$ cat entry_5.pdb   # PDB, C-alpha atoms
MODEL        1
ATOM      1  CA  MET D 136      12.887  20.577  22.201
ATOM      2  CA  ARG D 137      12.878  17.747  19.647
ATOM      3  CA  GLY D 138      11.927  15.237  22.341
ATOM      4  CA  ARG D 139       8.745  17.145  23.130
ATOM      5  CA  GLY D 140       7.725  17.044  19.452
ATOM      6  CA  LEU D 141       8.105  13.268  19.381
ATOM      7  CA  VAL D 142       6.087  12.895  22.571
ATOM      8  CA  SER D 143       3.289  15.081  21.199
ATOM      9  CA  LEU D 144       3.203  12.945  18.029
ATOM     10  CA  GLY D 145       2.675   9.887  20.249
ATOM     11  CA  ARG D 146      -0.291  11.587  21.886
ATOM     12  CA  ASP D 147      -1.806  12.582  18.558
ATOM     13  CA  SER D 148      -4.864  10.386  17.900
ATOM     14  CA  ARG D 149      -4.329  10.733  14.135
ATOM     15  CA  VAL D 150      -0.827   9.318  14.354
ATOM     16  CA  ARG D 151      -1.969   6.478  16.623
ATOM     17  CA  LEU D 152      -4.816   5.497  14.288
ATOM     18  CA  ALA D 153      -2.698   5.747  11.123
ATOM     19  CA  ALA D 154       0.134   3.789  12.776
ATOM     20  CA  LEU D 155      -2.262   1.069  13.941
ATOM     21  CA  VAL D 156      -3.764   0.690  10.457
ATOM     22  CA  ALA D 157      -0.297   0.752   8.856
ATOM     23  CA  LEU D 158       0.932  -1.938  11.246
ATOM     24  CA  ALA D 159      -2.131  -4.109  10.551
ATOM     25  CA  VAL D 160      -1.568  -3.766   6.788
ATOM     26  CA  VAL D 161       2.156  -4.597   7.047
ATOM     27  CA  LEU D 162       1.462  -7.651   9.230
ATOM     28  CA  ALA D 163      -1.335  -8.925   6.961
ATOM     29  CA  ASP D 164       0.739  -8.264   3.842
ATOM     30  CA  GLN D 165       3.877  -9.972   5.092
ATOM     31  CA  ALA D 166       1.947 -12.896   6.621
ATOM     32  CA  THR D 167       0.008 -13.606   3.421
ATOM     33  CA  LYS D 168       3.165 -13.366   1.330
ATOM     34  CA  ALA D 169       4.939 -15.797   3.675
ATOM     35  CA  VAL D 170       2.064 -18.292   3.363
ATOM     36  CA  VAL D 171       2.118 -18.018  -0.440
ATOM     37  CA  GLU D 172       5.899 -18.498  -0.536
ATOM     38  CA  ARG D 173       5.626 -21.612   1.664
ATOM     39  CA  MET D 174       2.578 -23.174   0.018
ATOM     40  CA  LEU D 175       3.036 -22.414  -3.694
ATOM     41  CA  VAL D 176       5.841 -22.828  -6.170
ATOM     42  CA  LEU D 177       6.797 -19.729  -8.165
ATOM     43  CA  HIS D 178       4.311 -19.322 -11.066
ATOM     44  CA  GLU D 179       1.899 -21.889  -9.572
ATOM     45  CA  THR D 180      -1.790 -20.973  -9.782
ATOM     46  CA  ILE D 181      -4.694 -22.283  -7.725
ATOM     47  CA  ALA D 182      -8.114 -21.377  -9.149
ATOM     48  CA  LEU D 183     -10.547 -20.479  -6.363
ATOM     49  CA  THR D 184     -13.495 -19.170  -8.392
ATOM     50  CA  PRO D 185     -14.148 -18.630 -12.110
ATOM     51  CA  PHE D 186     -12.718 -15.088 -11.721
ATOM     52  CA  PHE D 187     -10.194 -15.309  -8.860
ATOM     53  CA  ALA D 188      -7.057 -17.354  -8.299
ATOM     54  CA  LEU D 189      -3.932 -17.410  -6.200
ATOM     55  CA  SER D 190      -0.961 -17.083  -8.559
ATOM     56  CA  TYR D 191       2.517 -16.787  -7.076
ATOM     57  CA  VAL D 192       4.579 -14.332  -9.116
ATOM     58  CA  ARG D 193       7.426 -11.909  -8.486
ATOM     59  CA  ASN D 194       7.175  -8.347  -9.799
ATOM     60  CA  THR D 195      10.501  -6.639 -10.449
ATOM     61  CA  GLY D 196       8.721  -3.510 -11.710
ATOM     62  CA  ALA D 197       6.447  -0.939 -10.152
ATOM     63  CA  ALA D 198       2.656  -1.065 -10.393
ATOM     64  CA  PHE D 199       1.579  -3.255 -13.334
ATOM     65  CA  GLY D 200       5.214  -4.183 -14.017
ATOM     66  CA  VAL D 201       6.265  -0.677 -15.088
ATOM     67  CA  LEU D 202      10.068  -0.475 -15.458
ATOM     68  CA  ALA D 203      10.455  -4.240 -14.891
ATOM     69  CA  ALA D 204      13.030  -4.416 -17.692
ATOM     70  CA  ALA D 205      15.155  -1.559 -16.289
ATOM     71  CA  PRO D 206      18.540  -2.591 -14.862
ATOM     72  CA  VAL D 207      18.371  -3.471 -11.157
ATOM     73  CA  GLY D 208      20.992  -0.782 -10.424
ATOM     74  CA  VAL D 209      18.553   1.839 -11.705
ATOM     75  CA  ARG D 210      15.251   0.221 -10.750
ATOM     76  CA  LEU D 211      15.888  -0.576  -7.095
ATOM     77  CA  PRO D 212      17.317   2.803  -5.986
ATOM     78  CA  LEU D 213      14.577   4.591  -7.941
ATOM     79  CA  PHE D 214      11.768   2.550  -6.332
ATOM     80  CA  LEU D 215      13.266   2.913  -2.855
ATOM     81  CA  THR D 216      13.602   6.681  -3.283
ATOM     82  CA  VAL D 217      10.065   7.043  -4.635
ATOM     83  CA  THR D 218       8.706   4.988  -1.714
ATOM     84  CA  VAL D 219      10.516   7.092   0.896
ATOM     85  CA  VAL D 220       9.416  10.376  -0.725
ATOM     86  CA  ALA D 221       5.805   9.161  -1.106
ATOM     87  CA  SER D 222       5.746   7.982   2.521
ATOM     88  CA  ALA D 223       7.016  11.383   3.677
ATOM     89  CA  ALA D 224       4.263  13.057   1.624
ATOM     90  CA  VAL D 225       1.623  10.788   3.224
ATOM     91  CA  VAL D 226       2.895  11.622   6.723
ATOM     92  CA  SER D 227       2.872  15.344   5.869
ATOM     93  CA  TYR D 228      -0.709  15.071   4.590
ATOM     94  CA  LEU D 229      -1.668  13.121   7.720
ATOM     95  CA  ARG D 230      -0.330  15.865   9.983
ATOM     96  CA  ARG D 231      -2.529  18.415   8.138
ATOM     97  CA  THR D 232      -5.661  16.226   8.249
ATOM     98  CA  PRO D 233      -8.187  17.253  10.918
ATOM     99  CA  ALA D 234      -8.540  14.686  13.713
ATOM    100  CA  ASP D 235     -12.298  14.337  13.116
ATOM    101  CA  GLN D 236     -11.648  12.853   9.646
ATOM    102  CA  ARG D 237     -10.938   9.367  10.975
ATOM    103  CA  TRP D 238     -11.710   7.597   7.684
ATOM    104  CA  ARG D 239      -9.168   9.749   5.878
ATOM    105  CA  VAL D 240      -6.608   9.208   8.649
ATOM    106  CA  ALA D 241      -7.149   5.425   8.540
ATOM    107  CA  ALA D 242      -6.911   5.499   4.735
ATOM    108  CA  LEU D 243      -3.579   7.326   4.940
ATOM    109  CA  GLY D 244      -2.410   4.637   7.377
ATOM    110  CA  ALA D 245      -3.407   1.979   4.835
ATOM    111  CA  VAL D 246      -1.423   3.743   2.100
ATOM    112  CA  LEU D 247       1.595   4.016   4.387
ATOM    113  CA  GLY D 248       1.304   0.373   5.476
ATOM    114  CA  GLY D 249       1.056  -0.762   1.864
ATOM    115  CA  ALA D 250       4.115   1.250   0.907
ATOM    116  CA  ILE D 251       6.073  -0.230   3.813
ATOM    117  CA  GLY D 252       4.922  -3.778   2.993
ATOM    118  CA  ASN D 253       6.160  -3.536  -0.587
ATOM    119  CA  LEU D 254       9.310  -1.699   0.527
ATOM    120  CA  LEU D 255      10.174  -4.640   2.785
ATOM    121  CA  ASP D 256       9.937  -6.968  -0.225
ATOM    122  CA  ARG D 257      12.089  -4.712  -2.371
ATOM    123  CA  VAL D 258      14.775  -4.470   0.304
ATOM    124  CA  ARG D 259      14.681  -8.222   0.999
ATOM    125  CA  TYR D 260      14.257  -9.621  -2.534
ATOM    126  CA  GLY D 261      14.774  -6.748  -4.966
ATOM    127  CA  GLU D 262      11.207  -7.427  -6.160
ATOM    128  CA  VAL D 263       7.667  -7.738  -4.798
ATOM    129  CA  VAL D 264       5.703 -10.938  -4.133
ATOM    130  CA  ASP D 265       2.275 -10.811  -5.814
ATOM    131  CA  PHE D 266      -0.386 -13.504  -5.673
ATOM    132  CA  LEU D 267      -3.941 -12.169  -5.992
ATOM    133  CA  ASP D 268      -5.151 -12.833  -9.534
ATOM    134  CA  LEU D 269      -8.459 -11.385 -10.754
ATOM    135  CA  HIS D 270      -9.476 -12.461 -14.225
ATOM    136  CA  TRP D 271     -12.355 -12.903 -16.615
ATOM    137  CA  GLY D 272     -11.665 -15.800 -18.935
ATOM    138  CA  GLU D 273      -8.236 -15.146 -20.411
ATOM    139  CA  LEU D 274      -8.265 -11.448 -19.452
ATOM    140  CA  HIS D 275      -6.148 -11.010 -16.314
ATOM    141  CA  TRP D 276      -5.698  -7.953 -14.136
ATOM    142  CA  PRO D 277      -2.021  -7.797 -13.132
ATOM    143  CA  ALA D 278      -1.405  -9.880 -10.000
ATOM    144  CA  PHE D 279      -1.265  -7.871  -6.794
ATOM    145  CA  ASN D 280      -0.944  -8.329  -3.023
ATOM    146  CA  VAL D 281      -2.424  -7.060   0.252
ATOM    147  CA  ALA D 282      -0.114  -4.010   0.249
ATOM    148  CA  ASP D 283      -1.266  -3.038  -3.244
ATOM    149  CA  ALA D 284      -4.910  -3.459  -2.245
ATOM    150  CA  ALA D 285      -4.394  -1.297   0.872
ATOM    151  CA  ILE D 286      -2.749   1.444  -1.187
ATOM    152  CA  THR D 287      -5.547   1.364  -3.774
ATOM    153  CA  VAL D 288      -8.377   1.388  -1.228
ATOM    154  CA  GLY D 289      -6.610   4.029   0.868
ATOM    155  CA  VAL D 290      -6.088   6.362  -2.090
ATOM    156  CA  ALA D 291      -9.708   5.830  -3.214
ATOM    157  CA  ILE D 292     -11.005   6.776   0.262
ATOM    158  CA  VAL D 293      -8.788   9.877   0.417
ATOM    159  CA  LEU D 294      -9.953  10.975  -3.044
ATOM    160  CA  LEU D 295     -13.629  10.341  -2.264
ATOM    161  CA  ALA D 296     -13.312  12.208   1.043
ATOM    162  CA  SER D 297     -11.719  15.133  -0.803
ATOM    163  CA  VAL D 298     -14.491  15.235  -3.411
ATOM    164  CA  GLU D 299     -17.176  14.944  -0.718
ATOM    165  CA  ARG D 300     -15.621  17.770   1.318
ATOM    166  CA  ARG D 301     -15.386  20.024  -1.739
ATOM    167  CA  ALA D 302     -19.002  19.267  -2.664
ATOM    168  CA  ALA D 303     -20.136  20.013   0.894
ATOM    169  CA  GLY D 304     -18.134  23.248   0.871
ATOM    170  CA  ALA D 305     -19.616  24.319  -2.474
ATOM    171  CA  SER D 306     -23.205  23.688  -1.338
ATOM    172  CA  ALA D 307     -22.618  25.512   1.962
ATOM    173  CA  GLY D 308     -21.024  28.519   0.254
TER     174      GLY D 308
ENDMDL
END

$ encode --input "entry_5.pdb" --output "structure tokens"
Amino acid sequence: MRGRGLVSLGRDSRVRLAALVALAVVLADQATKAVVERMLVLHETIALTPFFALSYVRNTGAAFGVLAAAPVGVRLPLFLTVTVVASAAVVSYLRRTPADQRWRVAALGAVLGGAIGNLLDRVRYGEVVDFLDLHWGELHWPAFNVADAAITVGVAIVLLASVERRAAGASAG
């Protein structure tokens, strides 16, 4: 009986699309991180425009360095657990998303791919490789990576799709 459930998941167009997007995000994330690690020295910065640079840093914390100072014995298990639980929640939401909402399905795949990309770093290094540096003069947004960008864009699309659907439902009702 379990085997049939796995087969039906493979035939589900939502799962295929989300998995394809997640795989693309993981590959792009890991490839760009590998290039940065090979080409730059830790803490090296290469200015590309007046507001964007490549800056190789390692983030031991969560988003924006939250909990970076926590002991590794607390930080790493906590981040791994949160990632696994969040990924399970994304998959659950994906399974409840109608197949005709392809943008939302792809966005959920991006979130999942981003979570996996950063999870791979945490398992391998105990921290995450960041290198995209947006700034205005001396004001810097915290450095981020392709996985972070995929999570952010994916969540934004899911939220916008939810607001749009609610607005459409309110005007129809």

$ residues_around --input "entry_5.pdb" --residues "range 227-235 of chain D" --least-positions-apart "4" --cutoff "8 Å" --atoms "all atoms listed in the file" --output "list in words"
Ser148, Arg149, Val150, Ala223, Arg239, Val240 and Leu243 of chain D

$ closest_residue --input "entry_5.pdb" --among "D:Val288, D:Ser190, D:Arg237, D:Ala250" --to "Val220 in chain D" --atoms "only C-alpha atoms"
D:Ala250

$ closest_residue --input "entry_5.pdb" --among "D:Gly261, D:Pro185, D:Gly196, D:Gly248" --to "Thr287 in chain D" --atoms "all atoms listed in the file"
D:Gly248

$ closest_residue --input "entry_5.pdb" --among "D:Ala284, D:Val264, D:Val298, D:Leu215" --to "Gln165 in chain D" --atoms "all atoms listed in the file"
D:Val264

$ residues_around --input "entry_5.pdb" --residues "Leu254 in chain D" --least-positions-apart "5" --cutoff "12 Å" --atoms "only C-alpha atoms" --output "number ranges by chain"
D: 161, 164-165, 197, 211-219, 221-222, 247-249, 259-264, 282-283

$ resolve_selection --input "entry_5.pdb" --expression "the PyMOL selection byres ((chain D and resi 182) around 12)" --output "MDAnalysis selection string"
chainID D and resid 179:181 183:191 266:270 272

$ closest_residue --input "entry_5.pdb" --among "D:Ala241, D:Val209, D:Leu274, D:Val258" --to "Val160 in chain D" --atoms "all atoms listed in the file"
D:Ala241

$ closest_residue --input "entry_5.pdb" --among "D:Glu172, D:Ala154, D:Arg146, D:Ala204" --to "Val225 in chain D" --atoms "all atoms listed in the file"
D:Ala154

$ decode --input "entry_5.pdb" --residues "range 160-182 of chain D" --atoms "N, CA and C atoms" --output "short mmCIF file (atom, residue, chain, number, x, y, z; two decimals), in the first residue's frame"
data_model
loop_
_atom_site.label_atom_id
_atom_site.label_comp_id
_atom_site.auth_asym_id
_atom_site.auth_seq_id
_atom_site.Cartn_x
_atom_site.Cartn_y
_atom_site.Cartn_z
N VAL D 160 17.44 25.04 -7.68
CA VAL D 160 17.91 25.96 -6.64
C VAL D 160 19.12 25.36 -5.92
N VAL D 161 19.03 24.10 -5.52
CA VAL D 161 20.14 23.45 -4.81
C VAL D 161 21.40 23.44 -5.67
N LEU D 162 21.25 23.08 -6.95
CA LEU D 162 22.42 23.05 -7.85
C LEU D 162 23.02 24.44 -8.03
N ALA D 163 22.18 25.44 -8.26
CA ALA D 163 22.69 26.82 -8.43
C ALA D 163 23.33 27.31 -7.14
N ASP D 164 22.70 27.03 -6.01
CA ASP D 164 23.23 27.47 -4.72
C ASP D 164 24.59 26.83 -4.44
N GLN D 165 24.67 25.54 -4.58
CA GLN D 165 25.92 24.84 -4.26
C GLN D 165 27.03 25.18 -5.26
N ALA D 166 26.65 25.36 -6.53
CA ALA D 166 27.65 25.71 -7.55
C ALA D 166 28.22 27.11 -7.30
N THR D 167 27.35 28.07 -6.99
CA THR D 167 27.84 29.43 -6.75
C THR D 167 28.69 29.50 -5.48
N LYS D 168 28.30 28.76 -4.47
CA LYS D 168 29.10 28.72 -3.24
C LYS D 168 30.47 28.10 -3.51
N ALA D 169 30.51 27.05 -4.32
CA ALA D 169 31.79 26.40 -4.64
C ALA D 169 32.70 27.37 -5.40
N VAL D 170 32.15 28.13 -6.33
CA VAL D 170 32.94 29.11 -7.08
C VAL D 170 33.49 30.17 -6.12
N VAL D 171 32.65 30.68 -5.23
CA VAL D 171 33.10 31.69 -4.28
C VAL D 171 34.21 31.13 -3.39
N GLU D 172 34.05 29.92 -2.91
CA GLU D 172 35.06 29.31 -2.04
C GLU D 172 36.40 29.11 -2.76
N ARG D 173 36.33 28.84 -4.06
CA ARG D 173 37.56 28.63 -4.84
C ARG D 173 38.23 29.94 -5.26
N MET D 174 37.41 30.96 -5.53
CA MET D 174 37.93 32.19 -6.12
C MET D 174 38.24 33.30 -5.10
N LEU D 175 37.59 33.27 -3.95
CA LEU D 175 37.79 34.33 -2.96
C LEU D 175 38.37 33.75 -1.67
N VAL D 176 39.05 34.60 -0.96
CA VAL D 176 39.55 34.27 0.37
C VAL D 176 38.48 34.72 1.36
N LEU D 177 38.31 33.98 2.45
CA LEU D 177 37.31 34.35 3.45
C LEU D 177 37.45 35.83 3.82
N HIS D 178 36.36 36.54 3.80
CA HIS D 178 36.23 37.98 4.09
C HIS D 178 36.73 38.88 2.95
N GLU D 179 37.07 38.31 1.82
CA GLU D 179 37.45 39.12 0.65
C GLU D 179 36.19 39.68 0.00
N THR D 180 36.28 40.90 -0.50
CA THR D 180 35.16 41.56 -1.16
C THR D 180 35.60 42.06 -2.53
N ILE D 181 34.76 41.84 -3.52
CA ILE D 181 34.98 42.36 -4.87
C ILE D 181 33.77 43.24 -5.21
N ALA D 182 34.01 44.55 -5.31
CA ALA D 182 32.93 45.47 -5.66
C ALA D 182 32.58 45.30 -7.13
#
